[in-house]
file protein-v2.json (JSON, C-alpha atoms)
[["chain", "number", "residue", "atom", "x", "y", "z"],
["A", 275, "MET", "CA", 0.00, 0.00, 0.00],
["A", 276, "ARG", "CA", 1.00, 3.61, -0.44],
["A", 277, "GLY", "CA", 0.01, 6.73, 1.44],
["A", 278, "VAL", "CA", -1.80, 9.67, -0.22],
["A", 279, "THR", "CA", -1.43, 13.35, 0.69],
["A", 280, "LYS", "CA", -4.31, 15.78, 0.88],
["A", 281, "ARG", "CA", -3.38, 16.91, -2.62],
["A", 282, "GLY", "CA", -3.65, 13.39, -3.95],
["A", 283, "VAL", "CA", 0.08, 12.90, -4.53],
["A", 284, "ALA", "CA", 1.22, 9.36, -3.74],
["A", 285, "MET", "CA", 3.94, 9.25, -1.08],
["A", 286, "PRO", "CA", 6.18, 6.30, -0.15],
["A", 287, "GLU", "CA", 4.83, 4.16, 2.64],
["A", 288, "ARG", "CA", 6.65, 4.45, 5.97],
["A", 289, "MET", "CA", 9.04, 1.50, 6.18],
["A", 290, "VAL", "CA", 10.22, -0.05, 9.44],
["A", 291, "CYS", "CA", 12.79, -2.70, 10.39],
["A", 292, "ALA", "CA", 11.18, -6.15, 10.49],
["A", 293, "ALA", "CA", 13.17, -7.01, 13.62],
["A", 294, "CYS", "CA", 13.12, -3.94, 15.85],
["A", 295, "GLY", "CA", 10.48, -1.63, 14.33],
["A", 296, "LYS", "CA", 12.80, 1.35, 13.75],
["A", 297, "ASP", "CA", 12.23, 3.58, 10.72],
["A", 298, "LEU", "CA", 14.14, 2.60, 7.58],
["A", 299, "ALA", "CA", 15.63, 4.97, 5.04],
["A", 300, "PRO", "CA", 14.38, 4.23, 1.49],
["A", 301, "ALA", "CA", 16.70, 2.05, -0.58],
["A", 302, "GLU", "CA", 18.41, 3.94, -3.40],
["A", 303, "ARG", "CA", 18.16, 0.96, -5.73],
["A", 304, "GLY", "CA", 17.10, -2.67, -5.80],
["A", 305, "ARG", "CA", 14.69, -4.31, -3.40],
["A", 306, "PRO", "CA", 13.28, -2.41, -0.39],
["A", 307, "ARG", "CA", 15.28, -2.76, 2.81],
["A", 308, "ARG", "CA", 13.85, -4.99, 5.56],
["A", 309, "PHE", "CA", 16.38, -4.49, 8.37],
["A", 310, "CYS", "CA", 18.12, -1.45, 9.80],
["A", 311, "SER", "CA", 21.40, -3.21, 10.66],
["A", 312, "HIS", "CA", 23.37, -6.43, 10.34],
["A", 313, "ALA", "CA", 22.49, -7.19, 14.00],
["A", 314, "CYS", "CA", 18.74, -7.13, 13.26],
["A", 315, "ARG", "CA", 19.27, -9.24, 10.14],
["A", 316, "ALA", "CA", 21.19, -11.81, 12.23],
["A", 317, "ARG", "CA", 18.47, -11.82, 14.89],
["A", 318, "ALA", "CA", 15.82, -12.52, 12.26],
["A", 319, "TYR", "CA", 17.95, -15.32, 10.84],
["A", 320, "ARG", "CA", 18.28, -16.93, 14.28],
["A", 321, "ALA", "CA", 14.53, -16.69, 14.76],
["A", 322, "ARG", "CA", 13.89, -18.42, 11.43],
["A", 323, "LYS", "CA", 16.30, -21.20, 12.39],
["A", 324, "THR", "CA", 14.57, -21.68, 15.75],
["A", 325, "GLU", "CA", 10.96, -21.53, 14.62],
["A", 326, "ALA", "CA", 9.11, -23.13, 11.72],
["A", 327, "PRO", "CA", 10.08, -21.60, 8.34],
["A", 328, "THR", "CA", 6.55, -20.44, 7.61],
["A", 329, "GLU", "CA", 6.02, -18.74, 10.96],
["A", 330, "ALA", "CA", 7.28, -15.28, 10.03],
["A", 331, "SER", "CA", 5.36, -15.13, 6.76],
["A", 332, "SER", "CA", 2.14, -16.48, 8.27],
["A", 333, "THR", "CA", 1.95, -14.17, 11.29],
["A", 334, "GLU", "CA", 4.02, -11.10, 10.49],
["A", 335, "ASN", "CA", 1.29, -9.22, 8.63],
["A", 336, "SER", "CA", -1.67, -10.57, 10.60],
["A", 337, "ALA", "CA", -0.48, -9.79, 14.13],
["A", 338, "PRO", "CA", -2.62, -7.12, 15.80],
["A", 339, "GLU", "CA", 0.34, -5.00, 16.90],
["A", 340, "GLY", "CA", 1.29, -4.06, 13.33],
["A", 341, "GLU", "CA", 4.70, -3.60, 11.75],
["A", 342, "ALA", "CA", 5.66, -0.55, 13.79],
["A", 343, "GLY", "CA", 5.92, -2.51, 17.03],
["A", 344, "ALA", "CA", 3.96, -4.34, 19.68],
["A", 345, "PRO", "CA", 3.06, -1.85, 22.41],
["A", 346, "HIS", "CA", 1.12, -4.47, 24.38],
["A", 347, "LEU", "CA", 4.20, -6.71, 24.69],
["A", 348, "THR", "CA", 6.76, -6.44, 27.45],
["A", 349, "ALA", "CA", 9.47, -8.80, 28.65],
["A", 350, "GLY", "CA", 7.45, -9.30, 31.83],
["A", 351, "ARG", "CA", 4.27, -10.26, 29.98],
["A", 352, "ILE", "CA", 6.18, -12.64, 27.71],
["A", 353, "THR", "CA", 7.83, -14.20, 30.77],
["A", 354, "ARG", "CA", 4.49, -14.70, 32.52],
["A", 355, "ALA", "CA", 3.05, -16.33, 29.41],
["A", 356, "GLY", "CA", 6.03, -18.68, 29.31],
["A", 357, "ILE", "CA", 5.55, -19.62, 32.95],
["A", 358, "ALA", "CA", 1.86, -20.35, 32.35],
["A", 359, "ILE", "CA", 2.69, -22.70, 29.48],
["A", 360, "ALA", "CA", 5.48, -24.48, 31.39],
["A", 361, "ASP", "CA", 3.31, -24.87, 34.50],
["A", 362, "ALA", "CA", 0.48, -26.44, 32.52],
["A", 363, "GLU", "CA", 2.39, -28.48, 29.94],
["A", 364, "GLY", "CA", 6.10, -28.57, 30.87],
["A", 365, "LEU", "CA", 9.13, -26.98, 29.27],
["A", 366, "GLY", "CA", 8.81, -29.29, 26.28],
["A", 367, "ALA", "CA", 5.73, -27.34, 25.17],
["A", 368, "LEU", "CA", 7.48, -23.98, 25.45],
["A", 369, "SER", "CA", 8.47, -22.15, 22.27],
["A", 370, "MET", "CA", 8.60, -18.54, 21.15],
["A", 371, "ARG", "CA", 6.01, -19.35, 18.49],
["A", 372, "ARG", "CA", 3.62, -20.83, 21.09],
["A", 373, "ILE", "CA", 3.95, -17.77, 23.32],
["A", 374, "ALA", "CA", 3.40, -15.46, 20.33],
["A", 375, "THR", "CA", 0.23, -17.35, 19.47],
["A", 376, "ASP", "CA", -1.07, -17.13, 23.05],
["A", 377, "LEU", "CA", -0.35, -13.38, 23.18],
["A", 378, "GLY", "CA", -1.74, -12.65, 19.71],
["A", 379, "ALA", "CA", 1.58, -11.37, 18.41],
["A", 380, "SER", "CA", 4.12, -12.31, 15.79],
["A", 381, "THR", "CA", 7.11, -14.40, 16.79],
["A", 382, "MET", "CA", 9.47, -11.70, 15.56],
["A", 383, "ALA", "CA", 7.79, -9.18, 17.87],
["A", 384, "LEU", "CA", 8.84, -11.28, 20.88],
["A", 385, "TYR", "CA", 12.49, -11.04, 19.90],
["A", 386, "ARG", "CA", 12.34, -7.26, 20.35],
["A", 387, "HIS", "CA", 11.92, -7.93, 24.08],
["A", 388, "VAL", "CA", 13.61, -11.31, 24.70],
["A", 389, "ALA", "CA", 16.78, -12.26, 22.83],
["A", 390, "SER", "CA", 16.29, -16.05, 22.77],
["A", 391, "LYS", "CA", 14.39, -18.94, 24.30],
["A", 392, "ASP", "CA", 17.29, -19.61, 26.69],
["A", 393, "ASP", "CA", 17.12, -16.01, 27.89],
["A", 394, "LEU", "CA", 13.37, -16.38, 28.32],
["A", 395, "VAL", "CA", 13.77, -19.49, 30.50],
["A", 396, "ALA", "CA", 16.32, -17.62, 32.62],
["A", 397, "LEU", "CA", 13.79, -14.81, 33.10],
["A", 398, "MET", "CA", 11.14, -17.37, 34.01],
["A", 399, "VAL", "CA", 13.39, -18.86, 36.70],
["A", 400, "GLU", "CA", 14.14, -15.41, 38.13],
["A", 401, "THR", "CA", 10.46, -14.48, 38.16],
["A", 402, "ALA", "CA", 9.30, -17.74, 39.74],
["A", 403, "LEU", "CA", 11.92, -17.48, 42.48],
["A", 404, "THR", "CA", 11.10, -13.83, 43.13],
["A", 405, "ASP", "CA", 7.41, -14.70, 43.41],
["A", 406, "ALA", "CA", 8.31, -16.93, 46.38],
["A", 407, "PRO", "CA", 9.59, -14.28, 48.80],
["A", 408, "LEU", "CA", 12.36, -15.07, 51.22],
["A", 409, "PRO", "CA", 11.54, -15.01, 54.95],
["A", 410, "ASP", "CA", 11.54, -11.49, 56.41],
["A", 411, "THR", "CA", 12.26, -12.66, 59.96],
["A", 412, "PRO", "CA", 15.30, -14.55, 61.25],
["A", 413, "PRO", "CA", 14.84, -18.23, 62.16],
["A", 414, "ARG", "CA", 14.70, -19.38, 65.78],
["A", 415, "ASP", "CA", 17.75, -21.56, 65.14],
["A", 416, "TRP", "CA", 19.48, -23.36, 62.26],
["A", 417, "ARG", "CA", 17.02, -26.24, 62.31],
["A", 418, "HIS", "CA", 13.99, -23.99, 62.07],
["A", 419, "GLY", "CA", 15.70, -22.10, 59.24],
["A", 420, "LEU", "CA", 16.32, -25.26, 57.20],
["A", 421, "GLU", "CA", 12.80, -26.57, 57.83],
["A", 422, "ARG", "CA", 11.40, -23.26, 56.58],
["A", 423, "ALA", "CA", 13.63, -23.30, 53.50],
["A", 424, "ALA", "CA", 12.69, -26.91, 52.71],
["A", 425, "ARG", "CA", 8.95, -26.20, 52.88],
["A", 426, "ARG", "CA", 9.36, -23.13, 50.67],
["A", 427, "ASP", "CA", 11.28, -25.11, 48.04],
["A", 428, "TRP", "CA", 8.82, -28.02, 48.21],
["A", 429, "GLU", "CA", 5.93, -25.64, 47.52],
["A", 430, "LEU", "CA", 7.91, -23.99, 44.71],
["A", 431, "TYR", "CA", 8.48, -27.32, 42.95],
["A", 432, "HIS", "CA", 4.78, -28.15, 43.24],
["A", 433, "ARG", "CA", 3.80, -24.77, 41.82],
["A", 434, "HIS", "CA", 6.40, -24.83, 39.02],
["A", 435, "PRO", "CA", 7.59, -28.42, 38.45],
["A", 436, "TRP", "CA", 9.64, -27.35, 35.40],
["A", 437, "ILE", "CA", 11.92, -25.14, 37.51],
["A", 438, "LEU", "CA", 13.60, -28.06, 39.28],
["A", 439, "SER", "CA", 15.78, -28.93, 36.29],
["A", 440, "LYS", "CA", 17.01, -25.33, 36.21],
["A", 441, "VAL", "CA", 18.00, -25.04, 39.88],
["A", 442, "LEU", "CA", 19.36, -28.52, 40.64],
["A", 443, "VAL", "CA", 22.47, -28.74, 42.77],
["A", 444, "THR", "CA", 25.23, -29.13, 40.20],
["A", 445, "THR", "CA", 28.96, -28.72, 39.73],
["A", 446, "ARG", "CA", 28.09, -26.07, 37.16],
["A", 447, "THR", "CA", 27.08, -22.94, 39.07],
["A", 448, "HIS", "CA", 23.82, -21.38, 37.88],
["A", 449, "SER", "CA", 24.19, -17.69, 37.05],
["A", 450, "SER", "CA", 21.07, -16.36, 38.68],
["A", 451, "ARG", "CA", 20.77, -13.48, 41.10],
["A", 452, "ALA", "CA", 17.53, -14.78, 42.59],
["A", 453, "LEU", "CA", 19.00, -18.26, 43.06],
["A", 454, "ALA", "CA", 22.14, -16.83, 44.66],
["A", 455, "ALA", "CA", 20.00, -14.74, 47.02],
["A", 456, "ASP", "CA", 17.97, -17.83, 47.87],
["A", 457, "SER", "CA", 21.10, -19.82, 48.71],
["A", 458, "GLU", "CA", 22.60, -16.92, 50.68],
["A", 459, "SER", "CA", 19.45, -16.75, 52.80],
["A", 460, "THR", "CA", 19.63, -20.47, 53.55],
["A", 461, "PHE", "CA", 23.34, -20.39, 54.41],
["A", 462, "ALA", "CA", 22.52, -17.62, 56.89],
["A", 463, "VAL", "CA", 20.77, -20.15, 59.15],
["A", 464, "PHE", "CA", 24.24, -21.28, 60.29],
["A", 465, "ASP", "CA", 25.22, -17.78, 61.44],
["A", 466, "GLY", "CA", 26.62, -17.77, 64.94],
["A", 467, "LEU", "CA", 27.70, -21.42, 64.94],
["A", 468, "GLY", "CA", 31.27, -20.67, 63.97],
["A", 469, "LEU", "CA", 31.23, -23.16, 61.10],
["A", 470, "GLU", "CA", 34.02, -23.28, 58.58],
["A", 471, "PRO", "CA", 32.74, -22.44, 55.06],
["A", 472, "ALA", "CA", 33.54, -25.98, 53.89],
["A", 473, "ASP", "CA", 31.43, -27.48, 56.70],
["A", 474, "ALA", "CA", 28.53, -25.13, 55.92],
["A", 475, "PHE", "CA", 28.72, -26.21, 52.29],
["A", 476, "ARG", "CA", 28.75, -29.89, 53.27],
["A", 477, "TYR", "CA", 25.61, -29.52, 55.37],
["A", 478, "MET", "CA", 23.88, -27.49, 52.67],
["A", 479, "PHE", "CA", 24.80, -30.03, 50.00],
["A", 480, "MET", "CA", 23.27, -32.81, 52.10],
["A", 481, "PHE", "CA", 20.15, -30.77, 52.77],
["A", 482, "ALA", "CA", 19.58, -29.55, 49.20],
["A", 483, "SER", "CA", 20.31, -32.96, 47.68],
["A", 484, "TYR", "CA", 17.62, -34.51, 49.85],
["A", 485, "VAL", "CA", 14.99, -31.86, 49.11],
["A", 486, "GLN", "CA", 15.63, -31.90, 45.38],
["A", 487, "GLY", "CA", 15.96, -35.68, 45.27],
["A", 488, "VAL", "CA", 12.45, -36.19, 46.64],
["A", 489, "ALA", "CA", 11.21, -33.37, 44.41],
["A", 490, "LEU", "CA", 12.52, -35.32, 41.40],
["A", 491, "THR", "CA", 10.14, -38.14, 42.35],
["A", 492, "TYR", "CA", 7.24, -35.69, 42.41],
["A", 493, "VAL", "CA", 8.22, -34.01, 39.12],
["A", 494, "SER", "CA", 8.67, -37.35, 37.36],
["A", 495, "ASP", "CA", 5.16, -38.36, 38.49],
["A", 496, "VAL", "CA", 3.77, -35.09, 37.09],
["A", 497, "GLU", "CA", 5.48, -35.67, 33.75],
["A", 498, "ALA", "CA", 4.30, -39.30, 33.64],
["A", 499, "GLU", "CA", 0.71, -38.16, 34.12],
["A", 500, "ARG", "CA", 1.12, -35.64, 31.29],
["A", 501, "GLN", "CA", 2.53, -38.29, 28.99],
["A", 502, "ALA", "CA", -0.33, -40.63, 29.85],
["A", 503, "ARG", "CA", -2.90, -37.94, 29.00],
["A", 504, "ARG", "CA", -1.15, -37.11, 25.71],
["A", 505, "THR", "CA", -0.88, -40.73, 24.57],
["A", 506, "ASP", "CA", -4.13, -42.07, 26.08],
["A", 507, "ARG", "CA", -2.22, -44.73, 27.98],
["A", 508, "ARG", "CA", -3.61, -46.56, 30.98],
["A", 509, "PRO", "CA", -4.26, -44.25, 33.94],
["A", 510, "ALA", "CA", -1.82, -44.26, 36.83],
["A", 511, "ASN", "CA", -4.25, -46.16, 39.10],
["A", 512, "ALA", "CA", -4.17, -49.11, 36.69],
["A", 513, "THR", "CA", -0.39, -49.26, 37.09],
["A", 514, "ASP", "CA", -0.81, -49.07, 40.86],
["A", 515, "GLU", "CA", -3.19, -52.04, 40.79],
["A", 516, "ALA", "CA", -0.71, -54.11, 38.77],
["A", 517, "ARG", "CA", 2.09, -53.29, 41.21],
["A", 518, "ARG", "CA", -0.10, -54.06, 44.21],
["A", 519, "SER", "CA", -1.03, -57.47, 42.83],
["A", 520, "LEU", "CA", 2.66, -58.22, 42.23],
["A", 521, "TYR", "CA", 3.55, -57.47, 45.85],
["A", 522, "GLU", "CA", 0.67, -59.57, 47.16],
["A", 523, "THR", "CA", 1.94, -62.79, 45.57],
["A", 524, "GLY", "CA", 4.39, -63.43, 48.39],
["A", 525, "ALA", "CA", 7.32, -63.62, 45.98],
["A", 526, "TYR", "CA", 8.88, -60.58, 47.65],
["A", 527, "PRO", "CA", 8.57, -61.18, 51.42],
["A", 528, "ARG", "CA", 10.50, -58.04, 52.36],
["A", 529, "LEU", "CA", 9.62, -55.61, 49.58],
["A", 530, "GLY", "CA", 5.92, -56.43, 49.54],
["A", 531, "PRO", "CA", 5.12, -55.68, 53.20],
["A", 532, "ALA", "CA", 7.29, -52.57, 53.15],
["A", 533, "MET", "CA", 5.54, -51.19, 50.06],
["A", 534, "ARG", "CA", 2.09, -51.98, 51.41],
["A", 535, "ALA", "CA", 2.86, -50.31, 54.72],
["A", 536, "GLY", "CA", 4.77, -47.28, 53.44],
["A", 537, "ALA", "CA", 3.44, -46.57, 49.96],
["A", 538, "ASP", "CA", -0.16, -47.77, 49.94],
["A", 539, "PRO", "CA", -1.53, -45.19, 49.63],
["A", 540, "TRP", "CA", 1.44, -43.16, 48.44],
["A", 541, "ASP", "CA", 1.80, -39.96, 50.49],
["A", 542, "LEU", "CA", 4.83, -38.14, 49.14],
["A", 543, "ASP", "CA", 4.26, -35.06, 51.32],
["A", 544, "ALA", "CA", 4.37, -37.14, 54.49],
["A", 545, "LEU", "CA", 7.40, -39.08, 53.28],
["A", 546, "PHE", "CA", 9.16, -35.82, 52.44],
["A", 547, "LEU", "CA", 8.63, -34.37, 55.91],
["A", 548, "SER", "CA", 9.63, -37.63, 57.60],
["A", 549, "GLY", "CA", 12.85, -37.85, 55.59],
["A", 550, "LEU", "CA", 13.59, -34.19, 56.24],
["A", 551, "THR", "CA", 13.46, -34.86, 59.97],
["A", 552, "GLY", "CA", 16.05, -37.61, 59.51],
["A", 553, "VAL", "CA", 18.38, -35.34, 57.52],
["A", 554, "LEU", "CA", 18.17, -32.58, 60.13],
["A", 555, "ASP", "CA", 18.71, -35.11, 62.92],
["A", 556, "GLY", "CA", 21.87, -36.20, 61.13],
["A", 557, "ILE", "CA", 23.17, -32.64, 60.91],
["A", 558, "ALA", "CA", 22.33, -32.07, 64.58],
["A", 559, "ALA", "CA", 24.19, -35.25, 65.58],
["A", 560, "ASP", "CA", 27.25, -34.21, 63.60],
["A", 561, "LEU", "CA", 27.22, -30.74, 65.16],
["A", 562, "ALA", "CA", 26.92, -32.27, 68.64],
["A", 563, "ARG", "CA", 29.77, -34.68, 67.93],
["A", 564, "ARG", "CA", 31.97, -31.75, 67.06],
["A", 565, "GLY", "CA", 30.86, -29.75, 70.10],
["A", 566, "ILE", "CA", 29.04, -27.08, 68.05],
["A", 567, "GLY", "CA", 25.81, -25.63, 69.44]]

call {"tool": "encode", "arguments": {"input": "protein-v2.json", "output": "structure tokens"}}
result
Amino acid sequence: MRGVTKRGVAMPERMVCAACGKDLAPAERGRPRRFCSHACRARAYRARKTEAPTEASSTENSAPEGEAGAPHLTAGRITRAGIAIADAEGLGALSMRRIATDLGASTMALYRHVASKDDLVALMVETALTDAPLPDTPPRDWRHGLERAARRDWELYHRHPWILSKVLVTTRTHSSRALAADSESTFAVFDGLGLEPADAFRYMFMFASYVQGVALTYVSDVEAERQARRTDRRPANATDEARRSLYETGAYPRLGPAMRAGADPWDLDALFLSGLTGVLDGIAADLARRGIG
């Protein structure tokens, strides 16, 4: 299309960069320009490599925000949309194209606010952690502090199961301010005990490994249920019945009674709290052995 002045003289249509929305100077010759810089051209290329080849052409001109930009989009809104998808369907369902569809925008418009899917997931982690505020009062003692931290993390993994894979204890340090602040707050429960940093780390490693280890059981159950719904497999209770009948045959005289007593019905919340008590008892015993209050 072309614009028309009041005098009826056709004027060139205002052209904008397809990546960032900035005004473009008219090309002196050849085809019209689509990008304002090599950086925007490279960003568009990366987007085409990540998303389906037809995505840009199918949504670029139909998106409600228009070529000049997407005023209703912000990094925060995109991040919240990503969290909603991951909470409901897991990280496997997350894509820039899916978020663009949910927000009624073009995929390219998202890249004006978030550089890549990896950057988006990092923002999602920061946001989810920030939404779970740290305690604003000091703990009564180290044990109370760790119990409080464990319950907070347990609730976080239930609310956002996808986040566990992004905050797991690992030899590769996660670069996240919110995660560092979370860990700093938990380490503070040992203040006043006179612990060496290496001992504090050892206790924290034991504590976090337990909490996240049980959380892995919960998250794997969530993902199994999702897979069952997607593939129309037998419901989980059918699998439970098959396992129960196996244990009742008497072929496993130790395993069978233990499973019937401890996991029938399965109460992961109760098992988590019971195991947490054992971990904290172990730390307390080690502190007492070393003469530390």

call {"tool": "atom_distance", "arguments": {"input": "protein-v2.json", "atom1": "atom CA of A:His418", "atom2": "atom CA of A:Met478"}}
result
14.1 Å

call {"tool": "closest_residue", "arguments": {"input": "protein-v2.json", "among": "A:Tyr484, A:Thr505, A:Leu430, A:Phe464", "to": "A:Ser548", "atoms": "only C-alpha atoms"}}
result
A:Tyr484

call {"tool": "closest_atom_pairs", "arguments": {"input": "protein-v2.json", "of": "stretch 393-453 of chain A", "to": "stretch 359-367 of chain A", "cutoff": "12 Å", "atoms": "all atoms listed in the file", "output": "Markdown table"}}
result
| residue | atom | partner | partner_atom | distance |
| --- | --- | --- | --- | --- |
| A:Leu394 | CA | A:Leu365 | CA | 11.5 |
| A:Val395 | CA | A:Leu365 | CA | 8.9 |
| A:Met398 | CA | A:Ala360 | CA | 9.5 |
| A:Val399 | CA | A:Ala360 | CA | 11.1 |
| A:Ala402 | CA | A:Asp361 | CA | 10.7 |
| A:Leu430 | CA | A:Asp361 | CA | 11.2 |
| A:Tyr431 | CA | A:Asp361 | CA | 10.2 |
| A:His432 | CA | A:Asp361 | CA | 9.5 |
| A:Arg433 | CA | A:Asp361 | CA | 7.3 |
| A:His434 | CA | A:Asp361 | CA | 5.5 |
| A:Pro435 | CA | A:Asp361 | CA | 6.8 |
| A:Trp436 | CA | A:Gly364 | CA | 5.9 |
| A:Ile437 | CA | A:Leu365 | CA | 8.9 |
| A:Leu438 | CA | A:Leu365 | CA | 11.0 |
| A:Ser439 | CA | A:Leu365 | CA | 9.9 |
| A:Lys440 | CA | A:Leu365 | CA | 10.6 |

call {"tool": "atom_distance", "arguments": {"input": "protein-v2.json", "atom1": "atom CA of A:Thr445", "atom2": "atom CA of A:Ser369"}}
result
27.7 Å

call {"tool": "atom_distance", "arguments": {"input": "protein-v2.json", "atom1": "atom CA of A:Leu547", "atom2": "atom CA of A:Arg563"}}
result
24.3 Å

call {"tool": "residues_around", "arguments": {"input": "protein-v2.json", "residues": "A:Leu408", "least_positions_apart": "2", "cutoff": "10 Å", "atoms": "all atoms listed in the file", "output": "list in words"}}
result
Leu403, Thr404, Asp405, Ala406, Asp410, Thr411, Arg422, Ala423, Arg426, Ala455, Asp456, Ser459 and Thr460 of chain A

call {"tool": "axis_aligned_box", "arguments": {"input": "protein-v2.json", "around": "stretch 445-464 of chain A", "padding_each_side": "8 Å", "output": "lines of an AutoDock Vina configuration file"}}
result
center_x = 23.2
center_y = -21.1
center_z = 48.7
size_x = 27.4
size_y = 31.2
size_z = 39.2

call {"tool": "closest_residue", "arguments": {"input": "protein-v2.json", "among": "A:Glu421, A:Glu522, A:Asp555, A:Asp538", "to": "A:Val485", "atoms": "all atoms listed in the file"}}
result
A:Glu421

call {"tool": "closest_residue", "arguments": {"input": "protein-v2.json", "among": "A:Leu550, A:Leu561, A:Met382, A:Val443", "to": "A:Ala474", "atoms": "all atoms listed in the file"}}
result
A:Leu561
